[in-house]
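Worksheet: the structure to be examined is printed underneath.
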Amino acid sequence: MTAPEVSVVIVAWRARQEVLRCLSSLREHAGTSYEAIVVDDGSGDGTPEAVTSQFPGVNVIAKERNGGLSAGRNSALPHVRGRLVLMLDADTLVRPDAIPRLARALDEHPHAGLVGPRLVFPDGSLQLSCRRWPPFLTPILRRGPLARLVPEPELHRRHLMMDWDHAAERPVVYVIGAAQMWRADLPFRIGRFDEHVSSYGGEDLDWCLRVWAAGLQVRYVPEAEFVHVFQQATRQRLFGRKSWRAFRDWYYLQWKHRRLRGAAGLVEANG
């Protein structure tokens, strides 16, 4: 079989309808040859059967137990056949020409290890999807009494790049994991996804910082656009289990990448 240009990987947990909508948009707007790999992370909601029925060409990996997003993505890596890999969240929708534009950005920038698109909400409004260096105090500032007094502290606004219009292509510290494209050899250069990181935040930051650590670049490409519903699990219960895992992951990654902040290129990307 001829290898596809892009391997699209979708990891899903209890998101059957979202996965079906995502695959439908991919079939309509891919704009290039592709294979789709769906990892069902022990959902128990009939996702594998629904995908196989409606999209018989999709490679479905059905896991018996939920292992988290990082483990789910690792499960897909041995099955990738494309030159490029596009990791998508289940609650994304592909827009016309988005995938070819991301691919062109990688081809035009040999030093780019990963590219991320412009994300919009279902109503078309901008979703802030690229980030500066993660501030050490963000989890404390964004939860509890301080968050009520100052909902958007300056430190957080800078982290989310609220002072920038998100209209031009540029290097950034990281892009959120809803949609990330990279060359298929990237895991051989930086390793697999870190399964110490939970499903509720951090895996996207870790992956991008490891790209920078390998001497490559992360680029934001607004000419490519995807819709992302963006359901922030940790904001549903600020002091629930998911929030505590996100809190732990944040400081685990601060420690893991503590020597990277001054790396070549990151200073510019953080500007």
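Within each chain, counting starts at residue 1; across the structure tokens, chains are named A, B, ... in the order shown, with ligands numbered 1 upward in that order.
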
From range 26-112 of chain A, collect each residue whose DSSP state is strand (DSSP E or B) and return the set as a PyMOL selection string.
-> chain A and resi 34-41+59-63+84-89+92-94+112

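Contact shell of Asp206 in chain A at 9 Å (only C-alpha atoms; same-chain neighbours under 4 positions omitted): A:Tyr174, A:Phe193, A:Asp194, A:Val197, A:Gly202, A:Arg210, A:Val211, A:Leu253, A:Lys256, A:His257.
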
So, counting only C-alpha atoms, which residue among A:Ala167, A:Val94, A:Leu155, A:Leu216 is closest to Gly113 in chain A?
-> A:Leu216

Compare A:Ala263, A:Val221, A:Ala76, A:Ala30 by their minimum atom-to-atom distance to Leu119 in chain A, counting only C-alpha atoms, and give me the closest one.
-> A:Val221

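Closest approach to Arg73 in chain A among A:Trp207, A:Ser243, A:Ala213, A:Trp133: A:Trp207, based on only C-alpha atoms.
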
Shell around range 45-52 of chain A at 12 Å using only C-alpha atoms, local window under 6 positions removed, as a PyMOL selection string = chain A and resi 10-24+36-39+58-64+90

Can you write out the residues you just picked, keeping N, CA and C atoms, as a PDB file, in the first residue's frame?
ATOM      1  N   ILE A  10      -6.233  10.346  16.601  1.00  0.00           N
ATOM      2  CA  ILE A  10      -7.244  10.894  17.508  1.00  0.00           C
ATOM      3  C   ILE A  10      -7.377   9.940  18.686  1.00  0.00           C
ATOM      4  N   VAL A  11      -7.089  10.430  19.877  1.00  0.00           N
ATOM      5  CA  VAL A  11      -7.274   9.639  21.090  1.00  0.00           C
ATOM      6  C   VAL A  11      -8.585  10.078  21.735  1.00  0.00           C
ATOM      7  N   ALA A  12      -9.447   9.121  22.025  1.00  0.00           N
ATOM      8  CA  ALA A  12     -10.782   9.466  22.518  1.00  0.00           C
ATOM      9  C   ALA A  12     -11.107   8.720  23.795  1.00  0.00           C
ATOM     10  N   TRP A  13     -11.765   9.413  24.690  1.00  0.00           N
ATOM     11  CA  TRP A  13     -12.298   8.788  25.898  1.00  0.00           C
ATOM     12  C   TRP A  13     -13.708   9.312  26.124  1.00  0.00           C
ATOM     13  N   ARG A  14     -14.675   8.413  25.941  1.00  0.00           N
ATOM     14  CA  ARG A  14     -16.093   8.754  26.098  1.00  0.00           C
ATOM     15  C   ARG A  14     -16.467   9.977  25.260  1.00  0.00           C
ATOM     16  N   ALA A  15     -16.101   9.917  23.990  1.00  0.00           N
ATOM     17  CA  ALA A  15     -16.346  11.042  23.076  1.00  0.00           C
ATOM     18  C   ALA A  15     -16.789  10.514  21.718  1.00  0.00           C
ATOM     19  N   ARG A  16     -17.701   9.571  21.727  1.00  0.00           N
ATOM     20  CA  ARG A  16     -18.088   8.897  20.484  1.00  0.00           C
ATOM     21  C   ARG A  16     -18.586   9.876  19.418  1.00  0.00           C
ATOM     22  N   GLN A  17     -19.519  10.740  19.759  1.00  0.00           N
ATOM     23  CA  GLN A  17     -20.074  11.654  18.761  1.00  0.00           C
ATOM     24  C   GLN A  17     -19.036  12.664  18.291  1.00  0.00           C
ATOM     25  N   GLU A  18     -18.176  13.123  19.211  1.00  0.00           N
ATOM     26  CA  GLU A  18     -17.131  14.068  18.824  1.00  0.00           C
ATOM     27  C   GLU A  18     -16.170  13.431  17.824  1.00  0.00           C
ATOM     28  N   VAL A  19     -15.803  12.163  18.078  1.00  0.00           N
ATOM     29  CA  VAL A  19     -14.905  11.464  17.160  1.00  0.00           C
ATOM     30  C   VAL A  19     -15.538  11.331  15.784  1.00  0.00           C
ATOM     31  N   LEU A  20     -16.798  10.970  15.730  1.00  0.00           N
ATOM     32  CA  LEU A  20     -17.477  10.803  14.442  1.00  0.00           C
ATOM     33  C   LEU A  20     -17.538  12.128  13.683  1.00  0.00           C
ATOM     34  N   ARG A  21     -17.807  13.221  14.393  1.00  0.00           N
ATOM     35  CA  ARG A  21     -17.831  14.532  13.735  1.00  0.00           C
ATOM     36  C   ARG A  21     -16.440  14.922  13.235  1.00  0.00           C
ATOM     37  N   CYS A  22     -15.428  14.639  14.049  1.00  0.00           N
ATOM     38  CA  CYS A  22     -14.059  14.945  13.648  1.00  0.00           C
ATOM     39  C   CYS A  22     -13.672  14.159  12.395  1.00  0.00           C
ATOM     40  N   LEU A  23     -13.968  12.884  12.370  1.00  0.00           N
ATOM     41  CA  LEU A  23     -13.642  12.055  11.206  1.00  0.00           C
ATOM     42  C   LEU A  23     -14.403  12.502   9.963  1.00  0.00           C
ATOM     43  N   SER A  24     -15.638  12.928  10.151  1.00  0.00           N
ATOM     44  CA  SER A  24     -16.422  13.423   9.018  1.00  0.00           C
ATOM     45  C   SER A  24     -15.789  14.679   8.424  1.00  0.00           C
ATOM     46  N   ALA A  36      -6.319   7.619   9.061  1.00  0.00           N
ATOM     47  CA  ALA A  36      -6.823   8.014  10.372  1.00  0.00           C
ATOM     48  C   ALA A  36      -6.648   6.859  11.339  1.00  0.00           C
ATOM     49  N   ILE A  37      -6.104   7.167  12.516  1.00  0.00           N
ATOM     50  CA  ILE A  37      -5.912   6.192  13.582  1.00  0.00           C
ATOM     51  C   ILE A  37      -6.670   6.692  14.802  1.00  0.00           C
ATOM     52  N   VAL A  38      -7.650   5.946  15.242  1.00  0.00           N
ATOM     53  CA  VAL A  38      -8.430   6.319  16.430  1.00  0.00           C
ATOM     54  C   VAL A  38      -8.066   5.368  17.560  1.00  0.00           C
ATOM     55  N   VAL A  39      -7.625   5.935  18.664  1.00  0.00           N
ATOM     56  CA  VAL A  39      -7.339   5.153  19.860  1.00  0.00           C
ATOM     57  C   VAL A  39      -8.477   5.390  20.837  1.00  0.00           C
ATOM     58  N   VAL A  58     -10.774   3.378   8.783  1.00  0.00           N
ATOM     59  CA  VAL A  58     -10.019   3.910   9.910  1.00  0.00           C
ATOM     60  C   VAL A  58      -9.407   2.777  10.724  1.00  0.00           C
ATOM     61  N   ASN A  59      -8.181   2.964  11.135  1.00  0.00           N
ATOM     62  CA  ASN A  59      -7.494   2.003  12.001  1.00  0.00           C
ATOM     63  C   ASN A  59      -7.910   2.289  13.445  1.00  0.00           C
ATOM     64  N   VAL A  60      -8.648   1.386  14.055  1.00  0.00           N
ATOM     65  CA  VAL A  60      -9.149   1.584  15.413  1.00  0.00           C
ATOM     66  C   VAL A  60      -8.344   0.725  16.390  1.00  0.00           C
ATOM     67  N   ILE A  61      -7.807   1.374  17.390  1.00  0.00           N
ATOM     68  CA  ILE A  61      -7.085   0.687  18.464  1.00  0.00           C
ATOM     69  C   ILE A  61      -7.951   0.791  19.718  1.00  0.00           C
ATOM     70  N   ALA A  62      -8.548  -0.299  20.122  1.00  0.00           N
ATOM     71  CA  ALA A  62      -9.466  -0.308  21.264  1.00  0.00           C
ATOM     72  C   ALA A  62      -8.742  -0.810  22.501  1.00  0.00           C
ATOM     73  N   LYS A  63      -8.548   0.070  23.457  1.00  0.00           N
ATOM     74  CA  LYS A  63      -7.872  -0.300  24.702  1.00  0.00           C
ATOM     75  C   LYS A  63      -8.917  -0.710  25.741  1.00  0.00           C
ATOM     76  N   GLU A  64      -8.618  -1.726  26.503  1.00  0.00           N
ATOM     77  CA  GLU A  64      -9.577  -2.216  27.487  1.00  0.00           C
ATOM     78  C   GLU A  64      -9.714  -1.275  28.677  1.00  0.00           C
ATOM     79  N   ALA A  90     -10.353  14.850  20.032  1.00  0.00           N
ATOM     80  CA  ALA A  90     -11.616  14.358  19.474  1.00  0.00           C
ATOM     81  C   ALA A  90     -12.600  15.484  19.191  1.00  0.00           C
TER      82      ALA A  90
END

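Of the residues listed (A:Pro139, A:Gly44, A:Phe188, A:Leu209), A:Pro139 shows the shortest atom-to-atom separation from Trp244 in chain A; distances use only C-alpha atoms.
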
Write out as a ChimeraX atom specification all residues of range 65-257 of chain A that DSSP puts in alpha helix (DSSP H) for this structure's backbone.
-> /A:69-76,98-108,138-141,145-149,154-159,186-190,203-213,241-256

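For the choices A:Asp107, A:Glu225, A:Glu268, A:Glu35, the atom-to-atom distance to Arg170 in chain A is smallest for A:Glu268 when using only C-alpha atoms.
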